[in-house]
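Reproduced below: target_15.pdb, with PDB, C-alpha atoms.
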MODEL        1
ATOM      1  CA  MET A 287      17.535  32.300  44.840
ATOM      2  CA  VAL A 288      21.029  33.789  44.632
ATOM      3  CA  ILE A 289      24.280  31.815  44.412
ATOM      4  CA  VAL A 290      27.557  33.752  44.392
ATOM      5  CA  SER A 291      30.377  31.935  42.626
ATOM      6  CA  TYR A 292      34.108  32.645  42.643
ATOM      7  CA  ASN A 293      36.269  30.037  40.900
ATOM      8  CA  THR A 294      33.967  27.221  42.009
ATOM      9  CA  ARG A 295      32.828  26.051  38.585
ATOM     10  CA  ALA A 296      32.209  22.355  39.314
ATOM     11  CA  ALA A 297      30.610  23.001  42.702
ATOM     12  CA  THR A 298      28.392  25.778  41.360
ATOM     13  CA  LEU A 299      27.115  23.523  38.578
ATOM     14  CA  GLN A 300      26.298  20.848  41.162
ATOM     15  CA  ALA A 301      24.573  23.361  43.438
ATOM     16  CA  VAL A 302      22.370  24.719  40.645
ATOM     17  CA  GLY A 303      21.512  21.198  39.490
ATOM     18  CA  SER A 304      20.633  20.197  43.045
ATOM     19  CA  VAL A 305      18.312  23.177  43.434
ATOM     20  CA  LEU A 306      16.529  22.496  40.163
ATOM     21  CA  ASP A 307      16.236  18.780  40.939
ATOM     22  CA  HIS A 308      14.509  19.531  44.244
ATOM     23  CA  ALA A 309      12.204  22.358  43.184
ATOM     24  CA  GLU A 310       9.222  20.064  43.870
ATOM     25  CA  GLY A 311       6.686  22.219  42.090
ATOM     26  CA  LEU A 312       7.873  25.552  43.453
ATOM     27  CA  GLY A 313       8.248  28.431  41.030
ATOM     28  CA  LEU A 314      11.989  29.039  41.299
ATOM     29  CA  GLU A 315      14.122  31.830  39.918
ATOM     30  CA  VAL A 316      17.819  30.953  40.135
ATOM     31  CA  ILE A 317      20.420  33.710  39.793
ATOM     32  CA  VAL A 318      24.140  32.963  39.721
ATOM     33  CA  VAL A 319      26.429  35.924  40.380
ATOM     34  CA  ASP A 320      29.946  35.265  39.140
ATOM     35  CA  ASN A 321      32.471  37.452  40.973
ATOM     36  CA  ALA A 322      34.953  37.685  38.081
ATOM     37  CA  SER A 323      36.016  34.025  38.203
ATOM     38  CA  SER A 324      38.899  32.876  36.030
ATOM     39  CA  ASP A 325      37.691  29.276  35.658
ATOM     40  CA  GLY A 326      34.845  29.820  33.170
ATOM     41  CA  SER A 327      32.104  29.454  35.796
ATOM     42  CA  ALA A 328      29.716  31.915  34.162
ATOM     43  CA  ALA A 329      29.903  30.336  30.717
ATOM     44  CA  ALA A 330      29.578  26.831  32.161
ATOM     45  CA  VAL A 331      26.407  27.693  34.084
ATOM     46  CA  ARG A 332      24.942  29.463  31.085
ATOM     47  CA  ASP A 333      25.623  26.474  28.822
ATOM     48  CA  ALA A 334      24.383  23.844  31.269
ATOM     49  CA  TYR A 335      21.295  25.709  32.495
ATOM     50  CA  PRO A 336      19.946  28.155  29.892
ATOM     51  CA  GLY A 337      17.034  29.093  32.159
ATOM     52  CA  VAL A 338      19.297  30.337  34.944
ATOM     53  CA  ARG A 339      20.090  34.031  35.035
ATOM     54  CA  VAL A 340      23.823  34.782  35.181
ATOM     55  CA  ILE A 341      25.281  38.068  36.398
ATOM     56  CA  GLU A 342      28.920  38.524  35.475
ATOM     57  CA  ALA A 343      30.523  41.006  37.851
ATOM     58  CA  GLY A 344      33.352  43.162  36.600
ATOM     59  CA  HIS A 345      35.439  42.394  39.690
ATOM     60  CA  ASN A 346      35.265  40.423  42.919
ATOM     61  CA  GLY A 347      33.521  42.766  45.328
ATOM     62  CA  GLY A 348      33.023  40.132  47.995
ATOM     63  CA  TYR A 349      30.226  37.889  49.217
ATOM     64  CA  ALA A 350      27.774  40.521  50.450
ATOM     65  CA  TRP A 351      28.307  42.680  47.366
ATOM     66  CA  GLY A 352      27.796  39.727  45.026
ATOM     67  CA  ASN A 353      24.637  38.648  46.798
ATOM     68  CA  ASN A 354      23.265  42.169  46.601
ATOM     69  CA  LEU A 355      23.741  42.158  42.826
ATOM     70  CA  GLY A 356      21.488  39.108  42.698
ATOM     71  CA  ILE A 357      19.025  40.397  45.286
ATOM     72  CA  ALA A 358      18.530  43.560  43.226
ATOM     73  CA  GLN A 359      17.518  41.448  40.203
ATOM     74  CA  ALA A 360      15.459  38.797  42.003
ATOM     75  CA  GLY A 361      11.683  38.616  42.303
ATOM     76  CA  GLY A 362       9.462  36.326  44.325
ATOM     77  CA  ARG A 363       8.133  36.592  47.870
ATOM     78  CA  HIS A 364      11.109  34.787  49.458
ATOM     79  CA  LEU A 365      14.792  34.978  48.631
ATOM     80  CA  LEU A 366      17.366  32.283  49.390
ATOM     81  CA  VAL A 367      21.066  33.059  49.695
ATOM     82  CA  LEU A 368      22.887  29.782  49.046
ATOM     83  CA  ASN A 369      26.581  28.948  48.946
ATOM     84  CA  PRO A 370      27.957  27.497  45.698
ATOM     85  CA  ASP A 371      29.273  24.442  47.558
ATOM     86  CA  ALA A 372      25.879  23.437  48.985
ATOM     87  CA  LEU A 373      23.587  20.620  47.876
ATOM     88  CA  MET A 374      19.850  20.643  48.489
ATOM     89  CA  HIS A 375      18.061  17.735  50.182
ATOM     90  CA  PRO A 376      14.595  16.518  49.172
ATOM     91  CA  GLY A 377      11.833  18.639  50.674
ATOM     92  CA  THR A 378      14.147  21.389  51.923
ATOM     93  CA  LEU A 379      12.885  24.206  49.710
ATOM     94  CA  ARG A 380       9.242  23.237  50.087
ATOM     95  CA  ARG A 381       9.466  23.055  53.893
ATOM     96  CA  ALA A 382      11.394  26.330  54.145
ATOM     97  CA  VAL A 383       8.882  28.234  52.030
ATOM     98  CA  ALA A 384       5.927  26.726  53.906
ATOM     99  CA  TYR A 385       7.464  27.648  57.260
ATOM    100  CA  LEU A 386       8.063  31.273  56.303
ATOM    101  CA  ASP A 387       4.563  31.534  54.838
ATOM    102  CA  ALA A 388       3.105  30.241  58.109
ATOM    103  CA  ASN A 389       5.340  32.349  60.375
ATOM    104  CA  PRO A 390       5.410  35.975  59.174
ATOM    105  CA  GLN A 391       7.374  37.067  62.264
ATOM    106  CA  VAL A 392      10.440  35.143  61.043
ATOM    107  CA  GLY A 393      12.887  37.313  59.108
ATOM    108  CA  ILE A 394      15.632  34.776  58.383
ATOM    109  CA  LEU A 395      15.427  30.992  58.262
ATOM    110  CA  GLY A 396      18.548  28.853  58.600
ATOM    111  CA  ALA A 397      19.013  25.172  57.849
ATOM    112  CA  ARG A 398      20.518  22.062  59.349
ATOM    113  CA  VAL A 399      23.879  21.860  57.580
ATOM    114  CA  LEU A 400      25.602  18.522  57.091
ATOM    115  CA  LEU A 401      29.195  17.951  56.088
ATOM    116  CA  GLU A 402      30.155  15.537  53.343
ATOM    117  CA  ASN A 403      30.719  12.784  55.936
ATOM    118  CA  GLY A 404      27.221  13.268  57.359
ATOM    119  CA  ALA A 405      28.265  15.060  60.547
ATOM    120  CA  GLN A 406      26.381  18.248  61.391
ATOM    121  CA  GLN A 407      28.282  21.484  60.874
ATOM    122  CA  SER A 408      28.204  24.110  63.610
ATOM    123  CA  THR A 409      26.277  26.902  61.891
ATOM    124  CA  LEU A 410      24.435  28.623  64.751
ATOM    125  CA  PHE A 411      26.184  31.565  66.392
ATOM    126  CA  ARG A 412      25.750  34.300  68.914
ATOM    127  CA  TYR A 413      26.742  37.851  68.079
ATOM    128  CA  THR A 414      30.397  38.792  68.543
ATOM    129  CA  ARG A 415      30.632  40.331  72.005
ATOM    130  CA  LEU A 416      33.528  41.831  73.933
ATOM    131  CA  SER A 417      32.950  39.249  76.680
ATOM    132  CA  HIS A 418      33.427  36.451  74.132
ATOM    133  CA  LEU A 419      36.666  37.994  72.879
ATOM    134  CA  PHE A 420      37.916  38.311  76.445
ATOM    135  CA  TRP A 421      37.266  34.654  77.209
ATOM    136  CA  ARG A 422      38.944  33.626  73.952
ATOM    137  CA  MET A 423      41.994  35.558  75.074
ATOM    138  CA  VAL A 424      42.480  33.469  78.230
ATOM    139  CA  VAL A 425      40.683  30.177  77.455
ATOM    140  CA  PRO A 426      41.198  27.856  74.455
ATOM    141  CA  SER A 427      38.775  28.730  71.663
ATOM    142  CA  SER A 428      37.543  25.123  71.399
ATOM    143  CA  VAL A 429      36.349  25.364  75.008
ATOM    144  CA  VAL A 430      34.864  28.846  74.768
ATOM    145  CA  ARG A 431      32.819  28.014  71.689
ATOM    146  CA  LYS A 432      31.026  25.103  73.361
ATOM    147  CA  SER A 433      30.816  25.910  77.067
ATOM    148  CA  ARG A 434      27.716  27.447  78.629
ATOM    149  CA  LEU A 435      30.009  28.997  81.233
ATOM    150  CA  PHE A 436      31.586  31.185  78.535
ATOM    151  CA  GLY A 437      28.396  32.077  76.707
ATOM    152  CA  ASP A 438      27.629  28.971  74.627
ATOM    153  CA  GLN A 439      28.776  30.855  71.535
ATOM    154  CA  ARG A 440      27.896  28.041  69.129
ATOM    155  CA  TYR A 441      24.691  26.952  70.905
ATOM    156  CA  ALA A 442      26.398  23.647  71.708
ATOM    157  CA  SER A 443      24.073  23.065  74.661
ATOM    158  CA  ARG A 444      20.980  23.314  72.475
ATOM    159  CA  ASP A 445      19.156  20.362  70.921
ATOM    160  CA  ARG A 446      19.957  20.502  67.210
ATOM    161  CA  ASP A 447      16.822  18.461  66.465
ATOM    162  CA  ALA A 448      14.601  21.252  67.790
ATOM    163  CA  LEU A 449      13.271  24.230  65.880
ATOM    164  CA  GLN A 450      14.543  27.315  67.712
ATOM    165  CA  ASP A 451      15.207  31.034  67.767
ATOM    166  CA  VAL A 452      18.902  31.977  67.522
ATOM    167  CA  GLU A 453      20.942  35.140  67.042
ATOM    168  CA  VAL A 454      22.820  34.206  63.859
ATOM    169  CA  VAL A 455      22.611  31.464  61.242
ATOM    170  CA  ALA A 456      25.442  30.791  58.813
ATOM    171  CA  GLY A 457      25.373  32.456  55.413
ATOM    172  CA  CYS A 458      25.517  29.175  53.477
ATOM    173  CA  PHE A 459      21.679  29.001  53.664
ATOM    174  CA  MET A 460      19.612  32.048  54.568
ATOM    175  CA  MET A 461      16.022  32.323  53.353
ATOM    176  CA  VAL A 462      14.535  35.790  53.818
ATOM    177  CA  PRO A 463      11.086  37.107  52.879
ATOM    178  CA  ARG A 464      11.224  39.839  50.246
ATOM    179  CA  ARG A 465       9.166  42.194  52.450
ATOM    180  CA  VAL A 466      11.791  41.870  55.208
ATOM    181  CA  ILE A 467      14.591  42.880  52.828
ATOM    182  CA  ALA A 468      12.496  45.842  51.709
ATOM    183  CA  GLU A 469      12.192  46.939  55.338
ATOM    184  CA  ALA A 470      15.590  46.064  56.835
ATOM    185  CA  GLY A 471      17.778  46.275  53.740
ATOM    186  CA  ALA A 472      20.039  43.826  51.933
ATOM    187  CA  MET A 473      23.510  42.739  53.065
ATOM    188  CA  ASP A 474      26.056  45.343  54.169
ATOM    189  CA  GLU A 475      28.564  45.607  51.321
ATOM    190  CA  ARG A 476      31.224  47.109  53.570
ATOM    191  CA  PHE A 477      32.031  43.508  54.551
ATOM    192  CA  PHE A 478      34.120  41.704  51.949
ATOM    193  CA  MET A 479      33.693  38.299  53.535
ATOM    194  CA  TYR A 480      32.948  36.978  57.062
ATOM    195  CA  SER A 481      30.573  38.462  59.675
ATOM    196  CA  GLU A 482      28.239  39.884  57.028
ATOM    197  CA  GLU A 483      25.610  37.316  58.023
ATOM    198  CA  SER A 484      25.947  38.331  61.694
ATOM    199  CA  GLU A 485      25.306  41.977  60.858
ATOM    200  CA  TRP A 486      22.365  41.072  58.595
ATOM    201  CA  CYS A 487      20.785  38.901  61.285
ATOM    202  CA  TRP A 488      21.383  41.677  63.849
ATOM    203  CA  ARG A 489      19.763  44.306  61.630
ATOM    204  CA  ILE A 490      16.781  42.129  60.766
ATOM    205  CA  ARG A 491      16.231  41.313  64.433
ATOM    206  CA  ARG A 492      16.458  45.051  65.193
ATOM    207  CA  ALA A 493      13.625  45.518  62.695
ATOM    208  CA  GLY A 494      11.452  43.268  64.868
ATOM    209  CA  TYR A 495      11.841  39.892  63.165
ATOM    210  CA  ALA A 496      13.101  36.565  64.481
ATOM    211  CA  VAL A 497      15.951  34.403  63.207
ATOM    212  CA  HIS A 498      15.040  30.728  63.271
ATOM    213  CA  TYR A 499      16.859  27.437  62.790
ATOM    214  CA  HIS A 500      14.779  24.627  61.249
ATOM    215  CA  PRO A 501      16.136  21.083  61.711
ATOM    216  CA  ASP A 502      13.990  19.648  58.912
ATOM    217  CA  VAL A 503      15.377  22.107  56.363
ATOM    218  CA  THR A 504      18.633  20.385  55.378
ATOM    219  CA  ILE A 505      21.559  20.904  53.028
ATOM    220  CA  THR A 506      24.987  19.350  52.588
ATOM    221  CA  HIS A 507      27.838  21.862  52.655
ATOM    222  CA  TYR A 508      31.305  21.083  51.368
ATOM    223  CA  GLY A 509      32.685  24.263  52.892
ATOM    224  CA  ALA A 510      35.363  26.862  52.096
ATOM    225  CA  LEU A 511      35.950  25.819  48.490
ATOM    226  CA  SER A 512      36.778  29.302  47.219
ATOM    227  CA  THR A 513      38.728  30.521  50.275
ATOM    228  CA  GLY A 514      40.581  27.424  51.454
ATOM    229  CA  GLN A 515      40.305  25.747  54.837
ATOM    230  CA  VAL A 516      43.240  27.525  56.512
ATOM    231  CA  SER A 517      45.174  30.505  55.231
ATOM    232  CA  ALA A 518      46.691  33.753  56.430
ATOM    233  CA  TRP A 519      44.251  35.698  54.232
ATOM    234  CA  LYS A 520      41.268  33.934  55.772
ATOM    235  CA  ALA A 521      42.515  34.517  59.334
ATOM    236  CA  VAL A 522      42.901  38.226  58.633
ATOM    237  CA  GLU A 523      39.508  38.529  56.940
ATOM    238  CA  ILE A 524      37.760  36.790  59.841
ATOM    239  CA  ALA A 525      39.378  39.193  62.313
ATOM    240  CA  LYS A 526      38.511  42.166  60.101
ATOM    241  CA  GLY A 527      34.906  41.023  59.862
ATOM    242  CA  GLN A 528      34.605  40.814  63.647
ATOM    243  CA  ILE A 529      36.055  44.301  64.064
ATOM    244  CA  LEU A 530      33.681  45.717  61.446
ATOM    245  CA  TYR A 531      30.713  43.981  63.059
ATOM    246  CA  LEU A 532      31.555  45.558  66.420
ATOM    247  CA  ARG A 533      32.054  48.947  64.765
ATOM    248  CA  PHE A 534      28.775  48.911  62.842
ATOM    249  CA  THR A 535      26.661  47.569  65.735
ATOM    250  CA  ASN A 536      28.367  48.916  68.868
ATOM    251  CA  GLY A 537      30.507  51.841  67.734
ATOM    252  CA  PRO A 538      34.230  52.574  67.202
ATOM    253  CA  ALA A 539      35.194  52.329  70.882
ATOM    254  CA  ALA A 540      33.874  48.775  71.129
ATOM    255  CA  ALA A 541      35.633  47.881  67.877
ATOM    256  CA  TRP A 542      38.952  49.241  69.149
ATOM    257  CA  LEU A 543      38.625  47.371  72.441
ATOM    258  CA  GLY A 544      37.693  44.199  70.569
ATOM    259  CA  THR A 545      40.817  44.600  68.431
ATOM    260  CA  LEU A 546      42.913  44.936  71.579
ATOM    261  CA  LEU A 547      41.392  41.774  73.070
ATOM    262  CA  MET A 548      42.045  39.791  69.894
ATOM    263  CA  LEU A 549      45.605  41.043  69.784
ATOM    264  CA  GLY A 550      46.081  40.070  73.424
ATOM    265  CA  GLY A 551      44.913  36.566  72.625
ATOM    266  CA  ASP A 552      47.332  36.312  69.724
ATOM    267  CA  VAL A 553      50.230  37.489  71.897
ATOM    268  CA  LEU A 554      49.406  34.834  74.505
ATOM    269  CA  ARG A 555      49.281  32.181  71.770
ATOM    270  CA  ALA A 556      52.627  33.203  70.272
ATOM    271  CA  PRO A 557      54.643  30.368  71.922
ATOM    272  CA  GLY A 558      52.329  27.742  70.475
ATOM    273  CA  ALA A 559      52.419  29.254  66.986
ATOM    274  CA  LEU A 560      56.191  29.550  66.992
ATOM    275  CA  ALA A 561      56.566  26.006  68.335
ATOM    276  CA  ALA A 562      54.335  24.679  65.569
ATOM    277  CA  ALA A 563      56.414  26.494  62.978
ATOM    278  CA  ALA A 564      59.630  25.069  64.454
ATOM    279  CA  ALA A 565      58.088  21.591  64.396
ATOM    280  CA  GLY A 566      57.658  21.680  60.641
ATOM    281  CA  ARG A 567      54.346  23.493  60.278
ATOM    282  CA  PRO A 568      55.438  26.869  58.891
ATOM    283  CA  ALA A 569      51.896  27.741  57.853
ATOM    284  CA  ALA A 570      50.897  28.062  61.514
ATOM    285  CA  GLY A 571      53.575  30.661  62.099
ATOM    286  CA  GLY A 572      52.673  32.516  58.914
ATOM    287  CA  ILE A 573      49.003  32.672  59.853
ATOM    288  CA  TRP A 574      49.846  33.944  63.334
ATOM    289  CA  ARG A 575      52.206  36.631  61.967
ATOM    290  CA  ALA A 576      49.670  37.819  59.370
ATOM    291  CA  ARG A 577      46.794  38.094  61.834
ATOM    292  CA  THR A 578      48.896  39.654  64.598
ATOM    293  CA  GLY A 579      50.387  42.183  62.199
ATOM    294  CA  PHE A 580      46.928  43.097  60.956
ATOM    295  CA  LEU A 581      45.615  43.575  64.500
ATOM    296  CA  LEU A 582      48.580  45.773  65.418
ATOM    297  CA  ARG A 583      47.920  48.002  62.409
ATOM    298  CA  ALA A 584      44.177  48.003  63.132
ATOM    299  CA  LEU A 585      44.764  49.533  66.564
ATOM    300  CA  CYS A 586      46.256  52.596  64.863
ATOM    301  CA  ARG A 587      44.122  52.589  61.718
ATOM    302  CA  PRO A 588      40.827  50.809  62.463
ATOM    303  CA  PRO A 589      39.240  49.184  59.393
ATOM    304  CA  ARG A 590      36.105  50.922  58.148
ATOM    305  CA  GLY A 591      35.101  48.422  55.490
ATOM    306  CA  GLN A 592      35.219  48.520  51.731
ATOM    307  CA  THR A 593      33.268  50.927  49.556
ATOM    308  CA  PRO A 594      32.333  48.946  46.413
ATOM    309  CA  PRO A 595      30.456  50.578  43.515
ATOM    310  CA  ARG A 596      26.722  50.905  44.090
ATOM    311  CA  GLY A 597      24.190  49.410  41.749
ATOM    312  CA  PRO A 598      24.303  46.044  39.936
ATOM    313  CA  LEU A 599      24.412  47.545  36.460
ATOM    314  CA  GLN A 600      27.506  49.601  37.218
ATOM    315  CA  SER A 601      29.731  46.566  37.586
ATOM    316  CA  GLY A 602      27.943  43.539  36.218
ATOM    317  CA  ALA A 603      26.311  42.385  33.011
ATOM    318  CA  VAL A 604      23.126  40.318  33.207
ATOM    319  CA  THR A 605      22.616  37.502  30.755
ATOM    320  CA  ALA A 606      20.006  34.792  30.567
TER
ENDMDL
END
Could you express the structure from this file as structure tokens?
Amino acid sequence: MVIVSYNTRAATLQAVGSVLDHAEGLGLEVIVVDNASSDGSAAAVRDAYPGVRVIEAGHNGGYAWGNNLGIAQAGGRHLLVLNPDALMHPGTLRRAVAYLDANPQVGILGARVLLENGAQQSTLFRYTRLSHLFWRMVVPSSVVRKSRLFGDQRYASRDRDALQDVEVVAGCFMMVPRRVIAEAGAMDERFFMYSEESEWCWRIRRAGYAVHYHPDVTITHYGALSTGQVSAWKAVEIAKGQILYLRFTNGPAAAWLGTLLMLGGDVLRAPGALAAAAAGRPAAGGIWRARTGFLLRALCRPPRGQTPPRGPLQSGAVTA
């Protein structure tokens, strides 16, 4: 199991404790990758849980990069990528492992994800498509994400109590058999954050495996602790991740057209953003300006993704 931590000391300690408390006889190997936190996360985990392996990265290379540092060190027949702000429920690990053992055609298993208030988080997605970006340009996103007419992008019409095949499950809980990683590869480190799980699910499905959602595999997710709920940086990174996903899966022309569609949507939403800023919500205007400026630049200089150092030992020290 790999948990990537970035300035989430208290949450990471809770997540590790939750995993160990619900091991239920499974032979677990827990690896915490600390992406150069400044809050003492690595030392705190090492002190509280001496049996947990800690990888201290020399810099923050992003979520996919951090997970790959852990994946390179991990053993076992299944590997779980878990967010640092997630808490395990009783029976979750045992049921997930049993399901993958019984269903070798499944390449990624996702969980039912509950928020702190008990409501279910929307964590099932379809791939980013140009048609989706077009509809988001002319129809409110809240409608597009849930309507079957516009592609049911969040599987809102599906029964969340049913085990089912989906295109993408959220990266807060992704259990993958080791043999599948050996065949399809680990996460794409060109993504810093956002859309890396979509590309991984796409690549694993391309290798001939299914992506399943299991309603009886459950976690609680506090969500966005290290990135914040709303910020200009997050809005830009989400847009960048979508562009990179289109580029890596559909080619540069599709990525450029997707950028144009996103920019068109932002231009059409300009009156609302400016009105919100004038009404005393300056953050809304700042987020709109940051994302729109990024998309304008991306039309001329399309993002190609980051190129972090290769190899866990080049940028991280492993301690027990």
- Rank A:Arg491, A:Arg587, A:His308, A:Arg440 by their smallest atom-to-atom distance to Ala541 in chain A, using only C-alpha atoms, and report the top residue only.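 Closest residue, counting only C-alpha atoms: A:Arg587.
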- Message: Since I can't run it myself right now, could you work out what the PyMOL selection byres ((chain A and resi 528-538) around 10) selects here and report it as a PyMOL selection string?
- Response: chain A and resi 413-416+419+474+476-477+480-486+488-489+523-527+539-545+548+581+584+588-591
- the PyMOL selection byres ((chain A and resi 378-393) around 6) applied to the shown file, residues as a ChimeraX atom specification: /A:375-377,394,462,495-497,503-504
Quick one: write out the picked residues with C-alpha atoms as an mmCIF file, keeping the file's coordinate frame?
data_model
loop_
_atom_site.group_PDB
_atom_site.id
_atom_site.type_symbol
_atom_site.label_atom_id
_atom_site.label_comp_id
_atom_site.auth_asym_id
_atom_site.auth_seq_id
_atom_site.Cartn_x
_atom_site.Cartn_y
_atom_site.Cartn_z
ATOM 1 C CA HIS A 375 18.061 17.735 50.182
ATOM 2 C CA PRO A 376 14.595 16.518 49.172
ATOM 3 C CA GLY A 377 11.833 18.639 50.674
ATOM 4 C CA ILE A 394 15.632 34.776 58.383
ATOM 5 C CA VAL A 462 14.535 35.790 53.818
ATOM 6 C CA TYR A 495 11.841 39.892 63.165
ATOM 7 C CA ALA A 496 13.101 36.565 64.481
ATOM 8 C CA VAL A 497 15.951 34.403 63.207
ATOM 9 C CA VAL A 503 15.377 22.107 56.363
ATOM 10 C CA THR A 504 18.633 20.385 55.378
#
- Message: For the PyMOL selection byres ((chain A and resi 339-341) around 12), applied here, can you spell out every residue it catches as a PyMOL selection string?
- Response: chain A and resi 287-291+298+302+314-323+327-338+342-345+352-360+598-606
- Message: Show me, as a VMD selection string, the residues that have an atom within 6 Å of Met461 in chain A when counting only C-alpha atoms, minus same-chain residues fewer than 5 positions from it.
- Response: chain A and resid 365 to 366 394 to 395
- Expressed in Å to a single decimal, how great is the separation between CA of Leu549 in chain A and CA of Ala518 in chain A?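 According to the coordinates, CA of Leu549 in chain A and CA of Ala518 in chain A are separated by 15.3 Å.
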- For CA of Gln450 in chain A and CA of Tyr499 in chain A, determine how far apart the two atoms are, in Å to one decimal place.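 These two atoms are separated by 5.4 Å.
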- Query: For Val429 in chain A, which of A:Ala521, A:Ala468, A:Leu306, A:Ala442 is the closest residue, counting only C-alpha atoms?
  - Reply: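 Among the listed residues, the smallest separation from Val429 in chain A belongs to A:Ala442.
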